[in-house]
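Here is the file work.cif (mmCIF, C-alpha atoms).
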data_model
#
loop_
_atom_site.label_atom_id
_atom_site.label_comp_id
_atom_site.auth_asym_id
_atom_site.auth_seq_id
_atom_site.Cartn_x
_atom_site.Cartn_y
_atom_site.Cartn_z
CA MET A 1 5.05 5.66 -29.22
CA HIS A 2 7.79 4.97 -31.68
CA ILE A 3 9.30 6.83 -34.56
CA ASN A 4 9.87 4.68 -37.60
CA LEU A 5 9.77 4.50 -41.39
CA THR A 6 6.10 5.53 -41.26
CA LEU A 7 7.30 9.09 -40.57
CA LEU A 8 9.10 9.32 -43.91
CA VAL A 9 6.20 7.76 -45.77
CA GLN A 10 3.80 10.23 -44.12
CA MET A 11 6.02 13.15 -45.06
CA LEU A 12 6.16 12.02 -48.67
CA ALA A 13 2.40 11.47 -48.75
CA PHE A 14 1.89 14.92 -47.26
CA ALA A 15 4.18 16.53 -49.81
CA ALA A 16 2.42 14.73 -52.65
CA LEU A 17 -1.00 15.73 -51.34
CA VAL A 18 -0.02 19.38 -50.94
CA TRP A 19 1.50 19.38 -54.43
CA PHE A 20 -1.68 17.86 -55.88
CA THR A 21 -3.92 20.35 -54.07
CA MET A 22 -1.77 23.26 -55.17
CA LYS A 23 -1.62 22.09 -58.78
CA PHE A 24 -5.02 20.63 -59.54
CA VAL A 25 -7.49 21.57 -56.81
CA TRP A 26 -6.94 25.06 -55.41
CA PRO A 27 -6.63 27.12 -58.61
CA MET A 28 -9.37 25.16 -60.39
CA ILE A 29 -11.81 25.94 -57.57
CA LEU A 30 -10.78 29.47 -56.65
CA GLY A 31 -10.38 30.57 -60.27
CA PRO A 32 -13.95 29.79 -61.36
CA MET A 33 -15.19 31.17 -58.04
CA GLN A 34 -13.48 34.50 -58.63
CA GLU A 35 -14.64 34.48 -62.24
CA ARG A 36 -18.20 33.90 -61.08
CA GLU A 37 -17.85 36.61 -58.46
CA ARG A 38 -16.72 39.00 -61.16
CA ARG A 39 -19.63 38.01 -63.40
CA ILE A 40 -22.15 38.45 -60.60
CA ALA A 41 -20.74 41.88 -59.85
CA GLN A 42 -20.96 42.75 -63.55
CA GLY A 43 -24.50 41.44 -63.72
CA LEU A 44 -25.55 43.52 -60.73
CA ALA A 45 -23.91 46.60 -62.19
CA ALA A 46 -25.65 45.96 -65.52
CA ALA A 47 -28.97 45.53 -63.72
CA ASP A 48 -28.46 48.83 -61.92
CA LYS A 49 -27.57 50.52 -65.17
CA GLY A 50 -30.60 48.99 -66.86
CA ALA A 51 -32.88 50.21 -64.09
CA GLU A 52 -31.37 53.69 -64.36
CA GLU A 53 -31.85 53.68 -68.13
CA LEU A 54 -35.40 52.47 -67.73
CA LYS A 55 -36.07 55.32 -65.34
CA GLN A 56 -34.65 57.81 -67.81
CA ALA A 57 -36.62 56.27 -70.68
CA ARG A 58 -39.80 56.45 -68.59
CA ALA A 59 -39.12 60.10 -67.83
CA GLY A 60 -38.49 60.75 -71.55
CA ALA A 61 -41.67 58.96 -72.54
CA GLU A 62 -43.59 60.94 -69.95
CA ALA A 63 -42.24 64.21 -71.36
CA ILE A 64 -43.09 63.19 -74.91
CA LEU A 65 -46.60 62.17 -73.86
CA ARG A 66 -47.13 65.44 -72.02
CA GLU A 67 -45.99 67.42 -75.04
CA ALA A 68 -48.21 65.38 -77.34
CA ARG A 69 -51.17 65.98 -75.05
CA GLU A 70 -50.47 69.71 -75.03
CA ARG A 71 -50.19 69.79 -78.79
CA ALA A 72 -53.38 67.80 -79.15
CA GLY A 73 -55.12 70.36 -76.92
CA VAL A 74 -53.77 73.20 -79.03
CA ILE A 75 -54.83 71.49 -82.24
CA LEU A 76 -58.27 70.82 -80.78
CA ASP A 77 -58.61 74.46 -79.78
CA GLN A 78 -57.56 75.60 -83.23
CA ALA A 79 -59.97 73.17 -84.87
CA GLN A 80 -62.82 74.37 -82.69
CA HIS A 81 -61.90 77.93 -83.43
CA SER A 82 -61.80 77.41 -87.17
CA ALA A 83 -65.01 75.41 -87.05
CA ASN A 84 -66.69 78.30 -85.28
CA GLU A 85 -65.32 80.63 -87.88
CA VAL A 86 -66.60 78.45 -90.69
CA ILE A 87 -70.00 78.26 -89.04
CA GLU A 88 -70.03 82.00 -88.54
CA GLN A 89 -69.08 82.60 -92.15
CA ALA A 90 -71.71 80.14 -93.29
CA ARG A 91 -74.31 81.88 -91.16
CA VAL A 92 -73.34 85.27 -92.50
CA ALA A 93 -73.38 83.94 -96.07
CA ALA A 94 -76.73 82.28 -95.48
CA THR A 95 -78.17 85.43 -93.99
CA GLN A 96 -76.91 87.49 -96.90
CA GLU A 97 -78.23 84.95 -99.36
CA GLY A 98 -81.56 84.93 -97.59
CA GLN A 99 -81.75 88.69 -97.64
CA ARG A 100 -80.82 88.68 -101.28
CA LEU A 101 -83.48 86.11 -102.03
CA VAL A 102 -86.03 88.04 -100.03
CA ALA A 103 -85.08 91.23 -101.84
CA ALA A 104 -85.28 89.48 -105.19
CA ALA A 105 -88.66 88.04 -104.28
CA LYS A 106 -89.90 91.44 -103.19
CA GLN A 107 -88.69 92.95 -106.42
CA GLN A 108 -90.35 90.17 -108.34
CA ILE A 109 -93.55 90.73 -106.42
CA GLU A 110 -93.37 94.47 -107.07
CA LEU A 111 -92.70 93.84 -110.68
CA GLU A 112 -95.61 91.44 -110.88
CA ALA A 113 -97.81 93.87 -109.04
CA ALA A 114 -96.77 96.70 -111.36
CA ARG A 115 -97.43 94.55 -114.38
CA ALA A 116 -100.79 93.51 -112.96
CA ARG A 117 -101.60 97.12 -112.25
CA GLU A 118 -100.59 98.04 -115.79
CA GLN A 119 -102.75 95.33 -117.22
CA LEU A 120 -105.58 96.31 -115.00
CA ARG A 121 -105.19 99.89 -116.10
CA GLN A 122 -105.21 98.93 -119.72
CA GLN A 123 -108.21 96.76 -119.22
CA VAL A 124 -109.91 99.50 -117.26
CA GLY A 125 -108.97 101.88 -120.04
CA GLU A 126 -110.37 99.52 -122.58
CA ILE A 127 -113.44 98.97 -120.48
CA ALA A 128 -113.76 102.69 -120.02
CA VAL A 129 -113.31 103.29 -123.74
CA ALA A 130 -115.76 100.55 -124.44
CA ALA A 131 -118.11 102.03 -121.92
CA ALA A 132 -117.62 105.49 -123.35
CA ALA A 133 -118.08 104.17 -126.84
CA LYS A 134 -121.20 102.52 -125.74
CA LEU A 135 -122.25 105.71 -124.12
CA LEU A 136 -121.42 107.79 -127.11
CA GLU A 137 -122.60 105.10 -129.41
CA ARG A 138 -119.79 105.62 -131.56
CA GLU A 139 -116.41 104.37 -131.89
CA ILE A 140 -113.74 106.32 -130.39
CA ASP A 141 -110.52 106.18 -132.17
CA PRO A 142 -108.19 104.57 -129.63
CA ARG A 143 -105.29 106.13 -131.36
CA ALA A 144 -106.78 109.57 -131.14
CA HIS A 145 -107.73 109.22 -127.58
CA GLU A 146 -104.72 107.36 -126.33
CA ALA A 147 -103.52 110.25 -124.31
CA LEU A 148 -106.87 110.57 -122.69
CA LEU A 149 -107.04 106.87 -121.97
CA GLU A 150 -103.61 106.95 -120.47
CA GLU A 151 -104.74 109.70 -118.23
CA PHE A 152 -107.72 107.64 -117.16
CA ALA A 153 -105.68 104.62 -116.54
CA ALA A 154 -103.25 106.62 -114.43
CA GLN A 155 -106.08 107.88 -112.33
CA ILE A 156 -107.36 104.39 -111.52
CA MET B 1 -13.18 -7.56 -10.40
CA THR B 2 -11.29 -10.83 -10.90
CA ALA B 3 -7.64 -11.13 -11.82
CA SER B 4 -8.54 -12.53 -15.21
CA GLY B 5 -10.90 -9.58 -15.70
CA SER B 6 -8.19 -6.99 -15.12
CA ALA B 7 -5.80 -8.99 -17.29
CA ARG B 8 -8.37 -8.81 -20.07
CA ILE B 9 -8.73 -5.08 -19.57
CA GLY B 10 -4.98 -4.61 -19.89
CA GLU B 11 -4.95 -6.79 -22.96
CA TYR B 12 -7.80 -4.83 -24.53
CA VAL B 13 -6.17 -1.45 -23.95
CA ILE B 14 -2.78 -2.59 -25.20
CA GLU B 15 -4.41 -4.10 -28.25
CA HIS B 16 -5.88 -0.71 -29.06
CA LEU B 17 -2.45 0.89 -28.70
CA THR B 18 -0.61 -1.52 -30.96
CA TYR B 19 0.02 -0.81 -34.63
CA LEU B 20 -0.22 -3.21 -37.50
CA SER B 21 3.49 -3.19 -38.37
CA ASN B 22 5.89 -5.47 -40.17
CA LYS B 23 7.69 -6.30 -36.90
CA PRO B 24 7.52 -5.27 -33.24
CA GLN B 25 9.49 -2.14 -32.42
CA THR B 26 11.58 -2.10 -29.26
CA SER B 27 13.76 1.00 -29.60
CA LEU B 28 12.36 4.53 -29.79
CA ILE B 29 13.59 5.11 -33.32
CA ASN B 30 13.88 2.32 -35.84
CA PHE B 31 13.58 3.05 -39.53
CA THR B 32 13.14 -0.55 -40.58
CA VAL B 33 9.69 -0.72 -38.98
CA ILE B 34 6.61 0.59 -40.74
CA ASN B 35 3.05 0.96 -39.46
CA TYR B 36 0.86 -0.32 -42.27
CA ASP B 37 -2.36 0.89 -40.63
CA THR B 38 -1.27 4.52 -40.30
CA VAL B 39 0.03 4.61 -43.86
CA PHE B 40 -3.05 2.84 -45.22
CA PHE B 41 -5.58 5.08 -43.53
CA SER B 42 -3.75 8.34 -44.16
CA VAL B 43 -3.33 7.50 -47.84
CA LEU B 44 -6.97 6.40 -48.03
CA LEU B 45 -8.09 9.68 -46.47
CA ALA B 46 -5.74 11.62 -48.73
CA VAL B 47 -7.29 9.94 -51.75
CA LEU B 48 -10.76 10.66 -50.37
CA PHE B 49 -9.92 14.36 -49.88
CA ALA B 50 -7.96 14.87 -53.09
CA GLY B 51 -10.38 12.77 -55.15
CA SER B 52 -13.55 14.49 -54.02
CA PHE B 53 -12.05 17.96 -54.28
CA TYR B 54 -10.50 17.18 -57.65
CA TRP B 55 -13.88 15.93 -58.87
CA VAL B 56 -15.45 19.26 -57.90
CA ALA B 57 -12.51 21.26 -59.27
CA ARG B 58 -12.67 19.53 -62.65
CA ARG B 59 -16.41 20.07 -62.90
CA MET B 60 -15.98 23.74 -61.99
CA ALA B 61 -13.20 24.24 -64.51
CA ALA B 62 -15.22 22.49 -67.23
CA GLY B 63 -18.71 23.73 -66.38
CA GLY B 64 -17.68 27.35 -66.17
CA THR B 65 -19.33 29.38 -63.45
CA GLY B 66 -22.80 27.93 -63.08
CA ALA B 67 -24.68 28.06 -59.82
CA PRO B 68 -23.01 25.83 -57.20
CA ARG B 69 -25.00 22.95 -55.73
CA GLY B 70 -24.59 20.25 -53.10
CA PHE B 71 -21.05 19.10 -52.43
CA GLN B 72 -19.65 21.83 -54.66
CA SER B 73 -21.14 24.47 -52.34
CA PHE B 74 -19.50 22.78 -49.39
CA VAL B 75 -16.12 22.67 -51.12
CA GLU B 76 -16.44 26.30 -52.18
CA LEU B 77 -17.37 27.30 -48.66
CA LEU B 78 -14.31 25.53 -47.31
CA VAL B 79 -11.99 26.96 -49.95
CA GLU B 80 -13.28 30.49 -49.43
CA TRP B 81 -13.05 30.17 -45.66
CA VAL B 82 -9.47 28.88 -45.79
CA ASP B 83 -8.59 31.60 -48.30
CA GLY B 84 -10.00 34.21 -45.91
CA GLN B 85 -8.09 32.79 -42.95
CA VAL B 86 -4.83 32.77 -44.88
CA LYS B 87 -5.39 36.31 -46.17
CA ASP B 88 -6.06 37.50 -42.61
CA ILE B 89 -2.77 36.12 -41.31
CA PHE B 90 -0.40 36.08 -44.24
CA HIS B 91 0.18 39.34 -46.09
CA GLY B 92 2.19 38.51 -49.14
CA THR B 93 2.07 36.45 -52.25
CA ASN B 94 2.85 32.80 -51.90
CA GLU B 95 1.00 30.32 -54.07
CA LEU B 96 1.78 27.49 -51.67
CA ILE B 97 0.35 28.64 -48.38
CA ALA B 98 -3.38 28.61 -49.04
CA PRO B 99 -3.48 25.15 -50.69
CA LEU B 100 -1.18 23.92 -47.92
CA ALA B 101 -3.59 25.26 -45.29
CA LEU B 102 -6.57 23.65 -47.01
CA THR B 103 -4.75 20.33 -47.27
CA ILE B 104 -3.74 20.42 -43.63
CA PHE B 105 -7.20 21.31 -42.38
CA CYS B 106 -8.99 18.66 -44.42
CA TRP B 107 -6.45 15.91 -43.96
CA VAL B 108 -6.09 16.45 -40.21
CA PHE B 109 -9.84 16.68 -39.81
CA LEU B 110 -10.27 13.38 -41.63
CA PHE B 111 -7.48 11.82 -39.52
CA ASN B 112 -9.27 12.96 -36.38
CA PHE B 113 -12.67 11.96 -37.68
CA MET B 114 -11.56 8.32 -37.72
CA ASP B 115 -11.62 8.70 -33.95
CA LEU B 116 -15.41 8.99 -34.00
CA LEU B 117 -15.89 5.56 -35.55
CA PRO B 118 -16.71 3.02 -32.83
CA VAL B 119 -13.38 1.94 -31.33
CA ASP B 120 -13.87 -1.73 -32.15
CA LEU B 121 -15.56 -1.42 -35.54
CA LEU B 122 -12.60 -1.44 -37.93
CA PRO B 123 -10.24 -3.44 -35.64
CA GLY B 124 -13.03 -6.01 -35.27
CA ILE B 125 -13.41 -6.28 -39.03
CA ALA B 126 -9.61 -6.55 -39.30
CA HIS B 127 -9.60 -9.43 -36.84
CA THR B 128 -12.12 -11.36 -38.89
CA VAL B 129 -9.93 -11.05 -41.99
CA GLY B 130 -6.87 -12.18 -40.02
CA LEU B 131 -5.04 -8.95 -39.16
CA SER B 132 -3.60 -8.95 -35.64
CA HIS B 133 -4.00 -5.20 -34.87
CA LEU B 134 -5.38 -2.08 -36.43
CA LYS B 135 -5.02 1.53 -35.32
CA VAL B 136 -7.34 3.58 -37.46
CA VAL B 137 -6.56 7.16 -36.36
CA PRO B 138 -3.37 8.43 -38.04
CA SER B 139 -3.21 11.47 -35.72
CA THR B 140 -2.74 9.19 -32.71
CA ASP B 141 0.49 7.98 -34.29
CA LEU B 142 3.56 10.13 -33.58
CA ASN B 143 4.72 9.36 -37.12
CA GLY B 144 1.46 10.74 -38.42
CA VAL B 145 1.62 14.04 -36.56
CA PHE B 146 5.36 14.58 -37.08
CA GLY B 147 4.83 13.68 -40.71
CA LEU B 148 2.80 16.89 -40.86
CA SER B 149 4.73 19.18 -38.55
CA LEU B 150 8.25 18.42 -39.82
CA PRO B 151 7.50 19.37 -43.45
CA VAL B 152 5.93 22.57 -42.10
CA PHE B 153 9.10 23.17 -40.07
CA PHE B 154 11.30 22.60 -43.12
CA LEU B 155 9.14 25.00 -45.11
CA THR B 156 9.56 27.70 -42.45
CA LEU B 157 13.34 27.22 -42.54
CA TYR B 158 13.32 27.31 -46.34
CA TYR B 159 11.27 30.51 -46.55
CA SER B 160 13.23 32.16 -43.72
CA ILE B 161 16.44 31.66 -45.66
CA LYS B 162 14.85 32.48 -49.00
CA VAL B 163 13.27 35.73 -47.83
CA LYS B 164 15.89 37.00 -45.38
CA GLY B 165 18.95 35.38 -46.87
CA ALA B 166 21.26 33.08 -44.94
CA ARG B 167 22.85 36.04 -43.15
CA GLY B 168 19.53 37.56 -42.22
CA PHE B 169 18.31 34.27 -40.86
CA LEU B 170 21.51 33.75 -38.85
CA ALA B 171 21.21 37.28 -37.52
CA GLU B 172 17.67 36.55 -36.44
CA LEU B 173 18.89 33.44 -34.64
CA THR B 174 21.82 35.08 -32.85
CA LEU B 175 21.24 38.84 -32.50
CA GLN B 176 17.96 38.78 -30.60
CA PRO B 177 16.24 38.93 -28.16
CA PHE B 178 19.31 40.30 -26.25
CA THR B 179 21.07 43.19 -27.97
CA SER B 180 23.79 45.57 -26.94
CA LYS B 181 25.55 48.54 -28.52
CA ASN B 182 28.85 47.28 -27.15
CA VAL B 183 30.35 44.82 -29.66
CA PHE B 184 31.96 42.63 -26.97
CA VAL B 185 28.80 42.39 -24.92
CA GLN B 186 26.91 41.57 -28.10
CA ALA B 187 29.40 38.80 -28.86
CA LEU B 188 28.73 37.43 -25.39
CA PHE B 189 25.00 37.49 -26.09
CA VAL B 190 25.31 35.50 -29.34
CA PRO B 191 25.41 31.98 -27.82
CA ILE B 192 22.64 32.84 -25.37
CA ASN B 193 20.48 34.22 -28.17
CA PHE B 194 21.21 31.24 -30.35
CA LEU B 195 20.19 28.85 -27.59
CA LEU B 196 16.95 30.69 -26.93
CA GLU B 197 16.05 31.08 -30.59
CA SER B 198 16.85 27.43 -31.34
CA VAL B 199 14.54 26.34 -28.56
CA THR B 200 11.85 28.62 -29.97
CA GLN B 201 12.31 27.21 -33.45
CA ILE B 202 12.41 23.57 -32.38
CA ALA B 203 9.51 23.97 -29.98
CA ARG B 204 7.25 24.89 -32.89
CA PRO B 205 7.13 21.57 -34.75
CA LEU B 206 7.19 19.71 -31.44
CA SER B 207 4.25 21.61 -29.96
CA LEU B 208 2.40 21.55 -33.28
CA ALA B 209 2.65 17.78 -33.49
CA LEU B 210 2.22 16.94 -29.82
CA ARG B 211 -0.79 19.21 -29.28
CA LEU B 212 -2.67 17.37 -32.01
CA PHE B 213 -1.37 13.99 -30.88
CA GLY B 214 -2.23 14.61 -27.22
CA ASN B 215 -5.76 15.78 -27.85
CA ILE B 216 -6.72 13.01 -30.23
CA PHE B 217 -4.88 10.30 -28.32
CA ALA B 218 -6.64 11.34 -25.10
CA GLY B 219 -9.97 11.33 -26.91
CA GLU B 220 -9.34 7.87 -28.23
CA MET B 221 -8.33 6.66 -24.75
CA ILE B 222 -11.62 7.94 -23.33
CA PHE B 223 -13.54 5.96 -25.94
CA VAL B 224 -11.48 2.86 -25.13
CA LEU B 225 -12.04 3.32 -21.38
CA LEU B 226 -15.78 3.80 -21.90
CA ALA B 227 -15.81 0.55 -23.84
CA LEU B 228 -14.29 -1.13 -20.73
CA LEU B 229 -17.50 -0.47 -18.78
CA THR B 230 -19.15 -3.50 -20.31
CA LEU B 231 -16.12 -5.36 -21.63
CA VAL B 232 -15.46 -7.93 -18.91
CA HIS B 233 -19.05 -8.97 -18.32
CA GLY B 234 -20.07 -10.14 -21.77
CA TYR B 235 -23.67 -10.70 -22.82
CA ALA B 236 -24.44 -12.31 -19.43
CA MET B 237 -24.68 -8.82 -17.91
CA LEU B 238 -27.89 -8.19 -19.80
CA GLY B 239 -29.55 -10.61 -17.36
CA THR B 240 -29.18 -8.16 -14.46
CA LEU B 241 -30.56 -4.68 -13.88
CA GLY B 242 -27.08 -3.37 -12.99
CA GLY B 243 -25.78 -4.78 -16.25
CA TRP B 244 -28.40 -2.83 -18.19
CA GLY B 245 -27.49 0.25 -16.17
CA LEU B 246 -23.85 -0.09 -17.19
CA ALA B 247 -24.74 -0.63 -20.84
CA ILE B 248 -26.97 2.42 -20.93
CA MET B 249 -24.35 4.46 -19.09
CA GLN B 250 -21.72 3.44 -21.64
CA LEU B 251 -24.03 4.38 -24.49
CA ALA B 252 -24.89 7.77 -22.99
CA LEU B 253 -21.31 8.66 -22.05
CA THR B 254 -19.94 7.56 -25.40
CA PHE B 255 -22.54 9.67 -27.15
CA LEU B 256 -21.78 12.72 -25.01
CA TRP B 257 -18.04 12.32 -25.43
CA GLY B 258 -18.52 11.83 -29.16
CA VAL B 259 -20.41 15.11 -29.43
CA PHE B 260 -17.74 16.90 -27.42
CA HIS B 261 -14.98 15.21 -29.38
CA LEU B 262 -16.52 16.35 -32.65
CA LEU B 263 -15.77 19.88 -31.47
CA ILE B 264 -12.23 18.94 -30.41
CA ILE B 265 -11.26 17.29 -33.68
CA THR B 266 -12.46 20.29 -35.67
CA ILE B 267 -10.68 22.76 -33.41
CA GLN B 268 -7.45 20.75 -33.50
CA ALA B 269 -7.52 20.64 -37.30
CA PHE B 270 -8.17 24.38 -37.33
CA ILE B 271 -5.36 25.11 -34.83
CA PHE B 272 -2.90 23.05 -36.84
CA MET B 273 -3.83 24.95 -39.98
CA VAL B 274 -3.72 28.41 -38.40
CA LEU B 275 -0.41 27.82 -36.63
CA THR B 276 1.12 26.54 -39.87
CA VAL B 277 0.07 29.73 -41.62
CA VAL B 278 1.32 31.83 -38.68
CA TYR B 279 4.75 30.13 -38.68
CA LEU B 280 5.07 30.52 -42.46
CA SER B 281 3.98 34.13 -42.16
CA MET B 282 6.67 34.75 -39.51
CA ALA B 283 9.22 33.14 -41.79
CA HIS B 284 8.34 35.72 -44.46
CA GLU B 285 8.74 38.70 -42.13
CA ARG B 286 11.86 40.82 -42.33
CA HIS B 287 13.22 42.65 -39.33
#

For the structure just supplied, provide its representation as C-alpha cells.
Amino acid sequence: MHINLTLLVQMLAFAALVWFTMKFVWPMILGPMQERERRIAQGLAAADKGAEELKQARAGAEAILREARERAGVILDQAQHSANEVIEQARVAATQEGQRLVAAAKQQIELEAARAREQLRQQVGEIAVAAAAKLLEREIDPRAHEALLEEFAAQI
Amino acid sequence: MTASGSARIGEYVIEHLTYLSNKPQTSLINFTVINYDTVFFSVLLAVLFAGSFYWVARRMAAGGTGAPRGFQSFVELLVEWVDGQVKDIFHGTNELIAPLALTIFCWVFLFNFMDLLPVDLLPGIAHTVGLSHLKVVPSTDLNGVFGLSLPVFFLTLYYSIKVKGARGFLAELTLQPFTSKNVFVQALFVPINFLLESVTQIARPLSLALRLFGNIFAGEMIFVLLALLTLVHGYAMLGTLGGWGLAIMQLALTFLWGVFHLLIITIQAFIFMVLTVVYLSMAHERH
C-alpha cells in the first residue's frame, strides 16, 4: 500500500496507450465500420429499388403481352373473316362458272340436236325424193322441187 | 494448527502482498521505489491490447469493408458498444473520449483478468527463475489504479477550464451549491462552497481508484485465503479422507469464486469506463 515511482510510470503508460488508441486504433476501426454501414444501407436501398423496378417491368411486360394477345385475336378474326369471304367468292364464282358451263353445254347440245335434226330432215327429204322418184320412176329435179322438199322436211 | 503452521500462513499471505521492487518501501510515499511487476504486467497487457486492436485496425483499413470474421467481429462489437455508451452519456464532439473509454475498459479488464490466473502460477514460475516476489494484478496496486484515475482527473480539470474558462470554473467551485442574492451573504458562502466543491472534485479520482482497487484486492485476497485451506498440510493430507475433503472444497470454492469474480472484474472495468465518461461529460457542461 505505497505510492511510488510506479504511479508516474503508469500514468505515462496510460497516456501513451490512450494516444495510440486515439491515433491508430479507434478511427481505423470505426471509419471502415461506418463506411461498411453506409454501403450496406446503399445496397439495401438499391435492392429495394431493383425490386420495385422489376415489379414495374413485370407489369409493363404483362400489359404488352395482353395487348399483343388482343391484337392477335383481332388479326385472327380478320383472317377468318377474309378467308370466309374468299371462300364465299370462290363458291359464287364456281357456281356461276358451273351454270355458265351447263348453259354452254345445253346450247351445244341444242345446236347438235338442231344440226342432227337438219341432217335427218335432209336425209329424209332425200329419201323421200328418192322414194318419190322411185315411185314416179323418173327423176325429180331436186332444184325444181326444193321448195316442196323443204316443206316435207319441215313436216318431219 | 501449530505455531509454525500459522507462521507459514502469515508468510504466504505477506508474500502475496509484496511487490517485486528495487528496494523495500517504508514510508507511504517514496518516489525512488518502483514496482517492476506492476509496470511489467501493465505494459505487457497494454501491448497485448494495443497490438491486437492495431492488427485488426490495420487489416480493416487495408482490406476495405469486407465481411468481419473472428477476432475482428469481437473488436468491432466492443468498439461499437463503447461508442454507443459514450454517445449515450456524452453529448458533444470530443475525439478523445471514446478512444479513452475503450482503452480504459480493455486495459482495466485485462488488469483484473490477471486475478483469475491461479494465485501461485506466475509467482511460482518467478520463484523458479530467481525472483523474490511477483504481484501479477496491476489493479491491486494503488499506483496502478491511481495511474488511471489521476490522468482522468487532470483531463476533467483541463476540459472544465477549456470549456467554461478559468472564471467559469472558479465560479462553479465557489458560487454553488449555496447562493444568495445578497452580495455579502454570497461572499460568506464562497469559502463554504469552495470547501464542498473541492471535496466533490477530489472525491472523484479517489473513489474511482479505490473502488476498483478494493474490489479486485478483495477478490485476490479471497483466492489467497482459499489457497490456505490446503497450504499447511502438504501432499501428506491426501492420505486422509478429511484431507481430500479439504482439497475438493478448495477446488469447488475457488471455481465458484472465480465464476463470480469474472462478473466483478467486468463490472468494475465497465464502471471505471462509464464514470470516466460521466466526469468528462460533466466537465463539458456549462451552467

Exercise. Determine the residue membership of the PyMOL selection byres ((chain A) within 12 of (chain B)) for the file above and supply it as JSON, numbers by chain.
Key: {"A": [1, 2, 3, 4, 5, 6, 7, 8, 9, 10, 11, 12, 13, 14, 15, 16, 17, 18, 19, 20, 21, 22, 23, 24, 25, 26, 27, 28, 29, 30, 31, 32, 33, 34, 35, 36, 37, 38, 39, 40]}

Go ahead and dump the residues you just picked, C-alpha atoms, as a PDB file, keeping the file's coordinate frame.
ATOM      1  CA  MET A   1       5.050   5.660 -29.220  1.00  0.00           C
ATOM      2  CA  HIS A   2       7.790   4.970 -31.680  1.00  0.00           C
ATOM      3  CA  ILE A   3       9.300   6.830 -34.560  1.00  0.00           C
ATOM      4  CA  ASN A   4       9.870   4.680 -37.600  1.00  0.00           C
ATOM      5  CA  LEU A   5       9.770   4.500 -41.390  1.00  0.00           C
ATOM      6  CA  THR A   6       6.100   5.530 -41.260  1.00  0.00           C
ATOM      7  CA  LEU A   7       7.300   9.090 -40.570  1.00  0.00           C
ATOM      8  CA  LEU A   8       9.100   9.320 -43.910  1.00  0.00           C
ATOM      9  CA  VAL A   9       6.200   7.760 -45.770  1.00  0.00           C
ATOM     10  CA  GLN A  10       3.800  10.230 -44.120  1.00  0.00           C
ATOM     11  CA  MET A  11       6.020  13.150 -45.060  1.00  0.00           C
ATOM     12  CA  LEU A  12       6.160  12.020 -48.670  1.00  0.00           C
ATOM     13  CA  ALA A  13       2.400  11.470 -48.750  1.00  0.00           C
ATOM     14  CA  PHE A  14       1.890  14.920 -47.260  1.00  0.00           C
ATOM     15  CA  ALA A  15       4.180  16.530 -49.810  1.00  0.00           C
ATOM     16  CA  ALA A  16       2.420  14.730 -52.650  1.00  0.00           C
ATOM     17  CA  LEU A  17      -1.000  15.730 -51.340  1.00  0.00           C
ATOM     18  CA  VAL A  18      -0.020  19.380 -50.940  1.00  0.00           C
ATOM     19  CA  TRP A  19       1.500  19.380 -54.430  1.00  0.00           C
ATOM     20  CA  PHE A  20      -1.680  17.860 -55.880  1.00  0.00           C
ATOM     21  CA  THR A  21      -3.920  20.350 -54.070  1.00  0.00           C
ATOM     22  CA  MET A  22      -1.770  23.260 -55.170  1.00  0.00           C
ATOM     23  CA  LYS A  23      -1.620  22.090 -58.780  1.00  0.00           C
ATOM     24  CA  PHE A  24      -5.020  20.630 -59.540  1.00  0.00           C
ATOM     25  CA  VAL A  25      -7.490  21.570 -56.810  1.00  0.00           C
ATOM     26  CA  TRP A  26      -6.940  25.060 -55.410  1.00  0.00           C
ATOM     27  CA  PRO A  27      -6.630  27.120 -58.610  1.00  0.00           C
ATOM     28  CA  MET A  28      -9.370  25.160 -60.390  1.00  0.00           C
ATOM     29  CA  ILE A  29     -11.810  25.940 -57.570  1.00  0.00           C
ATOM     30  CA  LEU A  30     -10.780  29.470 -56.650  1.00  0.00           C
ATOM     31  CA  GLY A  31     -10.380  30.570 -60.270  1.00  0.00           C
ATOM     32  CA  PRO A  32     -13.950  29.790 -61.360  1.00  0.00           C
ATOM     33  CA  MET A  33     -15.190  31.170 -58.040  1.00  0.00           C
ATOM     34  CA  GLN A  34     -13.480  34.500 -58.630  1.00  0.00           C
ATOM     35  CA  GLU A  35     -14.640  34.480 -62.240  1.00  0.00           C
ATOM     36  CA  ARG A  36     -18.200  33.900 -61.080  1.00  0.00           C
ATOM     37  CA  GLU A  37     -17.850  36.610 -58.460  1.00  0.00           C
ATOM     38  CA  ARG A  38     -16.720  39.000 -61.160  1.00  0.00           C
ATOM     39  CA  ARG A  39     -19.630  38.010 -63.400  1.00  0.00           C
ATOM     40  CA  ILE A  40     -22.150  38.450 -60.600  1.00  0.00           C
TER      41      ILE A  40
END

Practice problem: State, in Å with one decimal place, the distance from CA of Asn112 (chain B) to CA of Val137 (chain B). | Solution: 6.4 Å

Exercise. Work out how far CA of Val13 (chain B) is from CA of Ser132 (chain B), in Å to one decimal.
Key: 14.1 Å

If you count only C-alpha atoms, which residues fall within 12 Å of region 118-125 of chain A, apart from same-chain ones fewer than 4 positions away, as an mmCIF file with C-alpha atoms, keeping the file's coordinate frame?
data_model
loop_
_atom_site.group_PDB
_atom_site.id
_atom_site.type_symbol
_atom_site.label_atom_id
_atom_site.label_comp_id
_atom_site.auth_asym_id
_atom_site.auth_seq_id
_atom_site.Cartn_x
_atom_site.Cartn_y
_atom_site.Cartn_z
ATOM 1 C CA GLU A 110 -93.370 94.470 -107.070
ATOM 2 C CA LEU A 111 -92.700 93.840 -110.680
ATOM 3 C CA GLU A 112 -95.610 91.440 -110.880
ATOM 4 C CA ALA A 113 -97.810 93.870 -109.040
ATOM 5 C CA ALA A 114 -96.770 96.700 -111.360
ATOM 6 C CA VAL A 129 -113.310 103.290 -123.740
ATOM 7 C CA ALA A 130 -115.760 100.550 -124.440
ATOM 8 C CA ALA A 131 -118.110 102.030 -121.920
ATOM 9 C CA ALA A 132 -117.620 105.490 -123.350
ATOM 10 C CA ALA A 133 -118.080 104.170 -126.840
ATOM 11 C CA PRO A 142 -108.190 104.570 -129.630
ATOM 12 C CA HIS A 145 -107.730 109.220 -127.580
ATOM 13 C CA GLU A 146 -104.720 107.360 -126.330
ATOM 14 C CA ALA A 147 -103.520 110.250 -124.310
ATOM 15 C CA LEU A 148 -106.870 110.570 -122.690
ATOM 16 C CA LEU A 149 -107.040 106.870 -121.970
ATOM 17 C CA GLU A 150 -103.610 106.950 -120.470
ATOM 18 C CA GLU A 151 -104.740 109.700 -118.230
ATOM 19 C CA PHE A 152 -107.720 107.640 -117.160
ATOM 20 C CA ALA A 153 -105.680 104.620 -116.540
ATOM 21 C CA ALA A 154 -103.250 106.620 -114.430
ATOM 22 C CA GLN A 155 -106.080 107.880 -112.330
ATOM 23 C CA ILE A 156 -107.360 104.390 -111.520
#
